[in-house]
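In what follows, a structure is listed as structure tokens, so that the remarks can point back to it.
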Amino acid sequence: MLGRKKRERLTAASVQTYAGPAFPGLPLGAGERQLYKALRESVPIIDAALYKLRRLLGDFTVTCRDPAAQTGLEDFLAKVQVNAAGAGIGEFVGVYFEDLLTYGNAVGEMVLQGEHIGALYNAGLDQLDLEEDGPLGVKVYARDAQGRRECPYPQLLLVSALNPEAGRPWGVSVLRGLPFVSQVLLQVYHTLGVNWERLGNVKFAVTCKPDGLGGMLAGDRARQVAREWKRAMTSREPCDFVAVGDVSIRAIGADNQILDSQVPVRQMLEQIVAKLGVPPFLLGLSWSSTERMSSQQADMLTSELDAYRRVLTPVVGKICDTWLALEGYEPGCRVEWEEITMQDEVDHANARYLTARAKKLEQELKAEQEG
């Protein structure tokens, strides 16, 4: 619990995780993060899936132990400044969650203004280093042109890791394993575009066999035919091509067929969708599936989102507890997430109804047997 003396020490803190423009020296894991960023820019379905997960995460409500602090806490969560141009705890959690999915780690900071939390800041991982601080701690270092410095107020920092390895502070991105698959997919798309450029834009081979009349040299005859053919092809009006001799015209590549890309593209997309955990129909993929299969996929997505919510709940709880302590209230709050979809509420209501009905029938049957 933060006391009055600790408040005085914390008032001097600024945005400690911001070290100015990105330093050319890269911290640990920077190359892997750049790779994941490039994946999102190159493969639209990956970027769309991560945005879908962020939107489907849903909202939450916070209930604190002290009823007198409830109104102030709700007003703080709704209006707190986030980064340079955002507001509200939802904006902060959204950016935090997106970094967690993309890079496996996310770092945030509670920025003090006087003795109150004035803003929430999402720290860029390219400007930070994370190091182990014993078996149960993590140290955060901010990097600048002079080197790196340890953040002096770790109690104001928010650090999360997604599916970390045992004993390690670094998480695992949901995009791990996708670079090879994405490279194959992009190669198929690139080859498809090249083939269409070659075969779709029809080119002609014009062959002229002179008849030996007129005394015109073969080179002059070829240039004349080429000039007349170019005039006929570039004219906006219907134009005839007239040549002397045996002239044959053939489309280059007309007999070739472009390879069918549906099978390899679908195989690569199946791997990507399986890794991201988003049902195909949410990404606009019209793959054949039954209604029951779609319902099962939606249930699996709900389980995935519940797992992500369990990672984010301590982050929201720490922000709320810090605000309560700084405002003079007793820390302690409960974070309750809303149902993901209306269909979930209907299913839960039906489940409760069937459970209650089964209990009633059991009680009636037991009473009849005893009577």
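Residues are named by chain letter and number: chains run A, B, ... in the order of the structure tokens, numbers start at 1 in each chain, and ligands are numbered from 1 in the order shown.
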Residue neighbourhood Asp99 in chain A, 9 Å, only C-alpha atoms, exclusion window fewer than 6 positions, as a compact mmCIF listing (two decimals) with all heavy atoms, in the first residue's frame:
# COMPACT_ATOMS: atom_id res chain seq x y z
N ASN A 105 5.36 -9.65 -25.55
CA ASN A 105 5.53 -8.83 -24.35
C ASN A 105 4.83 -7.50 -24.54
O ASN A 105 4.63 -7.04 -25.67
CB ASN A 105 7.01 -8.58 -24.04
CG ASN A 105 7.71 -9.79 -23.48
OD1 ASN A 105 8.33 -10.55 -24.20
ND2 ASN A 105 7.60 -9.99 -22.17
N ALA A 106 4.47 -6.88 -23.45
CA ALA A 106 3.88 -5.55 -23.46
C ALA A 106 4.31 -4.83 -22.19
O ALA A 106 4.38 -5.43 -21.12
CB ALA A 106 2.35 -5.61 -23.55
N VAL A 107 4.61 -3.54 -22.35
CA VAL A 107 5.05 -2.71 -21.23
C VAL A 107 4.23 -1.43 -21.23
O VAL A 107 4.08 -0.78 -22.29
CB VAL A 107 6.55 -2.39 -21.30
CG1 VAL A 107 6.97 -1.49 -20.13
CG2 VAL A 107 7.38 -3.67 -21.30
N GLY A 124 7.13 1.69 -26.15
CA GLY A 124 7.60 0.98 -27.33
C GLY A 124 8.71 0.01 -26.95
O GLY A 124 9.70 0.37 -26.31
N LEU A 125 8.57 -1.24 -27.33
CA LEU A 125 9.53 -2.27 -26.94
C LEU A 125 10.89 -2.08 -27.59
O LEU A 125 11.89 -2.58 -27.08
CB LEU A 125 8.97 -3.66 -27.28
CG LEU A 125 7.72 -4.07 -26.51
CD1 LEU A 125 7.23 -5.43 -26.99
CD2 LEU A 125 7.98 -4.09 -25.02
As a PyMOL selection string, list the residues of range 12-175 of chain A assigned to helix (DSSP H, G or I) by DSSP on the backbone atoms of this structure. chain A and resi 30-42+44-56+67-79+89-103+125-127+154-156
Using DSSP assignments from the backbone, pull out every residue in range 134-271 of chain A that falls under strand (DSSP E) and give it to me as a ChimeraX atom specification. /A:138-144,147-150,157-161,203-209,246-252
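Across the model, the gap from CA of Asp59 in chain A to CA of Trp337 in chain A is 6.1 Å.
Closest approach to Asp260 in chain A among A:Ala69, A:Asn195, A:Tyr121, A:Pro154 is made by A:Asn195 (distances from only C-alpha atoms).
Shortest atom-to-atom contact with Ala222 in chain A among A:His116, A:Lys209, A:Arg40, A:Arg334: A:Lys209, counting only C-alpha atoms.
Remark: for Ile319 in chain A, the closest of the candidate residues A:Ile249, A:Val335, A:Leu175, A:Ala38 is A:Val335 (distances computed over only C-alpha atoms).
Closest approach to Leu162 in chain A among A:Leu185, A:Val174, A:Val93, A:Val62: A:Val174, based on only C-alpha atoms.
The closest residue to Glu327 in chain A, picked from A:Leu128, A:Val273, A:Ile117, A:Leu39 and counting only C-alpha atoms, is A:Ile117.
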